[in-house]
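Below you'll find the structure, written out as structure tokens, and then a few comments.
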Amino acid sequence: MSLLGERVKRIEDRKFLTTGGTYVDDLPLEGALWVTYLRSTVAHARVDSMDVDEARNAPGVVDVVTGDDIDMAPLPPDFGLYNDRMTRPWLPRTGGKVRYVGEPVVAILSETRSQGIDAQELVVIDYDPLPAVVGVENAAKDETLLFEEAGTNLAFEMKGVAPPGDPALFEGCEVVIRGRTVNQRVAPAPLEVRAAASRWDGDHLTQWASTQAPHGVRDKFAKQYDLEPDNVRVIAPDVGGGFGAKISAYLEELLLPWLARRVGRPVRWTETRSESMLNLGHGRGQLQEVELGGTRDGKFLAYRLTVDQDCGAYCKVGGLMVFSTRLMATGVYAIPKAEYACRSWVTNTTPTVAYRGAGRPEAAAAIERAVDLFAAEIGMDPAEVRALNFIPPFDEPHTTAMGTVYDTGDYAGALRLAMEKADYEGLRAEQQRRREAADPVALGIGLSVYVEVTGGAGAGEWAGVSVDDGGKVTVRTGTSPHGQGHETAWAQIASSKLGVPMSDITVEHGDTDIIPMGGGTMGSRSLQHGGAAVAKVCDMILEKAEGGPIAGLSADASVAAAGPTFPFGAHVAVVEVDTETGLVRLRQLVAVDDAGTIVNPTLADGQVHGGVAQGVAQALLEEFSYDADGNPLTSTLADYAFVSATELPSVDRFMMETPTPNNELGAKGIGESGTIGATPAVQNAVVDALAPLGIRHIDMPTTPERVWRAIQEARP
């Protein structure tokens, strides 16, 4: 009997709930020194001098390294698309610069972790402070440059792609709304902070890493240290969350092999929570200008989105999330004309990277706010405006005004189901009664209909399946889970294909000596690439068996899907806003999500619940903020408003299944949908609650203070 589509419980959880997982920091590594990084306390400064002599003589300290000791060339910007003069020093040299609070300045190697922490106090750094550049608007002035040799703070600009400013774009529009929206910077804050270790065995490097992509990390280390990939082994044991921020290796990790070679011993490093908040790449960070034009009866005719992206101090993948935002700019709507332009700027803040959704939540937030602004302008219900403008249901490829080719979709069906399950008409009636009664606790109803792209990262995935003489099955996968439930899902697929009980199936991952290649886990790619590869290889086993026993057989293959997929859905959020204090309470959230064929509804539910939690948190609570001098104001979990179960109602989760033709399973990604649909739904609900006061927009996060101020400004 096939287990596909069944609610199979996660087989990973017994270990995590009993003996516990094994993480990088848990691993014994004989003879290893601890690395402690002394970090900059100023956002922008020249390093006039560094006195490390006293630290070198501290108890247990084996070595102290500054930028003056490192003979490797500076790190170029990632991906080759940025201004190539914005290079990053391994550690700043004397006379060099620091560019954000928390940047590593000195590396201390000690016998114990505590000895390194104590030795930090003995290092004396003389900084010559420079003006800090905080926020893209300040960066665009180019008054203070992070990289004088670059001549600008502009790191990247998308040219030749529908540049803004064409006055003809909105010709024929009876109504044009314009708005400025902020998609604020957030910290990923996974439960497991970054940790890594390095050991040389001759010319062979072993690297332990808390990563989402072991093979990508292997290749990065091989390139940096001029090694053949076969001479680098990367091991990712259990990984306690990543959310996109652990896709690649960071400077602190990349430097470990150099330090290990220098001292002739293995080295290891684990950051603190405060270090993680300052150095694990942040997400989002977009300033958006939206313009939406159409007719007074609600039909959209033209849309323009202009984005300024905050890169942070150094050019990593976050500055290129503007590509994903462009791809999904027009969302679920049949808008005839659209323009998009973007720029990415360096600032004296933590570098930005991919964060759950990675450019797609930003696109959804922009268009979904624009739709509500348009509806308010013409006096129509936002649900009615959406229904008028959806791309009609389709099961053949559809090309948007942005040139993006969607696979399958039924956006009107998703919204109808979400409104039915939420009792939308009943909610509107309740809202009207409370408004007529002048209830100080206002009711708000927010809608969001989204489409996103998944499975576009990487060109395919590798899988290997072997059956021993006793009929036990081993599945090897190039994906690298960090909470998604791959061991369960891959075992389900293998069991359904081979007829072997799941209890007789073992899934292996995360070791580049065992798994020859792999694309890793990001961009909601795993099931449609990795799961499809497992299914394909199981079919190969069956073909070899020719109807006989499968014992003793093995096969492997790298399988590429026909293309990316485009999950979609509709979310309805219901909030109560205390107009006297500004406090927002999320009362209900209905999530209808369509991720194609669902292999395991329990796993899908878990992914949606987690994504919704992070999406709601961005709408209501989370923001990593800095003062004008670049000092972090939210660098600990005491200051950073981390969401908890207290702020979250149970999600009313409903599934649609519109299979994609782009992979054997018919599956689309589900891991990021919650962060894309929930965020604008909650933000729209907060604004909707306050609409009678004339409030048309409140930037995220809609904290009590921000809401209260908006109310005070709106009242006479």
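Convention: chains lettered A, B, ... in structure tokens order; per-chain residue numbering from 1; ligands numbered from 1 as shown.
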Excluding Phe170 of chain A and its own-chain neighbours fewer than 4 positions away, which residues fall within 12 Å of it when counting only C-alpha atoms? Please give them as a ChimeraX atom specification. /A:164-166,174-178,291-295,300-304,335-339
Quick one: residues within 8 Å of segment 474-491 of chain A, only C-alpha atoms, excluding same-chain residues fewer than 5 positions away - as a VMD selection string? chain A and resid 8 to 12 212 to 214 238 to 242 461 to 467 502 505 to 510 515 to 521 526 530 to 531 534 599 to 600 603 607 671
Please build the interface table for segment 289-374 of chain A against segment 561-566 of chain A with a cut-off of 12 Å, listing for each qualifying residue the nearest atom pair and the distance in Å to one decimal; count only C-alpha atoms, order rows by chain and increasing number, and write it as CSV.
```
residue,atom,partner,partner_atom,distance
A:Leu327,CA,A:Phe566,CA,11.2
A:Met328,CA,A:Phe566,CA,9.8
A:Gly331,CA,A:Phe566,CA,10.6
A:Val332,CA,A:Phe566,CA,10.6
A:Arg360,CA,A:Phe566,CA,11.1
```
Just the residues within 10 Å of Arg262 of chain A, please, counting only C-alpha atoms, with nothing from its chain fewer than 6 positions along; format it as an NGL selection string. :A and (63 or 65 or 256)
Min atom-atom distance to Leu75 of chain A from the set A:Arg706, A:Lys220, A:Arg185, A:Arg268, counting only C-alpha atoms, belongs to A:Lys220
Using only C-alpha atoms, find the one residue out of A:Gln614, A:Thr144, A:Thr404, A:Thr152 that sits nearest to Gly283 of chain A.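 Closest to Gly283 of chain A, using only C-alpha atoms: A:Gln614.
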Residues at most 12 Å from Ala641 of chain A, counting only C-alpha atoms, excluding those fewer than 4 positions away in the same chain, as a list in words? Val186, Ala187, Pro188, Ala189, Gln614, Val616, Ala617, Gln618, Ala619, Leu620, Leu621, Glu622, Glu623, Phe624, Ser625, Leu633, Thr634, Ser635, Thr636, Leu637, Glu647, Pro701, Thr702 and Thr703 of chain A
Filtered DSSP result for segment 62-301 of chain A, state helix (DSSP H, G or I), as a PyMOL selection string: chain A and resi 67-69+78-80+113-120+136-139+148-150+167-170+214-224+229-231+251-254+256-263+273-279
9 Å contact set for Asp53 of chain A, only C-alpha atoms, chain neighbours under 6 positions out, as a ChimeraX atom specification: /A:64,122-123
Selection: 8 Å around Pro237 of chain A, only C-alpha atoms, excl. self and same-chain fewer than 6 positions, as number ranges by chain: A: 22-24, 208-210, 510
Could you please take those selected residues and save C-alpha atoms as a PDB file, in the first residue's frame?
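In the end it all went to result33.pdb:
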```pdb
ATOM      1  CA  THR A  22      24.070  15.837  17.901  1.00  0.00           C
ATOM      2  CA  TYR A  23      25.171  19.295  16.827  1.00  0.00           C
ATOM      3  CA  VAL A  24      28.588  20.683  15.867  1.00  0.00           C
ATOM      4  CA  TRP A 208      32.248  20.365  10.446  1.00  0.00           C
ATOM      5  CA  ALA A 209      29.517  22.878   9.768  1.00  0.00           C
ATOM      6  CA  SER A 210      26.025  23.864  10.812  1.00  0.00           C
ATOM      7  CA  GLY A 510      25.049  15.709   5.364  1.00  0.00           C
TER       8      GLY A 510
END
```
May I have all residues of segment 127-221 of chain A that DSSP, computed from the backbone, assigns to strand (DSSP E), given as an MDAnalysis selection string? chainID A and resid 127:129 154:157 175:183 195:201 204:209
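The space separating atom CA of Ser673 of chain A from atom CA of Leu305 of chain A comes to 21.6 Å.
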Could you tell me which of A:Val590, A:Ala155, A:Leu693, A:Ala494 comes closest to Pro440 of chain A if we count only C-alpha atoms? A:Leu693
Pick from A:Ala551, A:Val217, A:Ala628, A:Ile670, whichever lies nearest to Gly610 of chain A using only C-alpha atoms: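 Counting only C-alpha atoms, the residue closest to Gly610 of chain A is A:Ile670.
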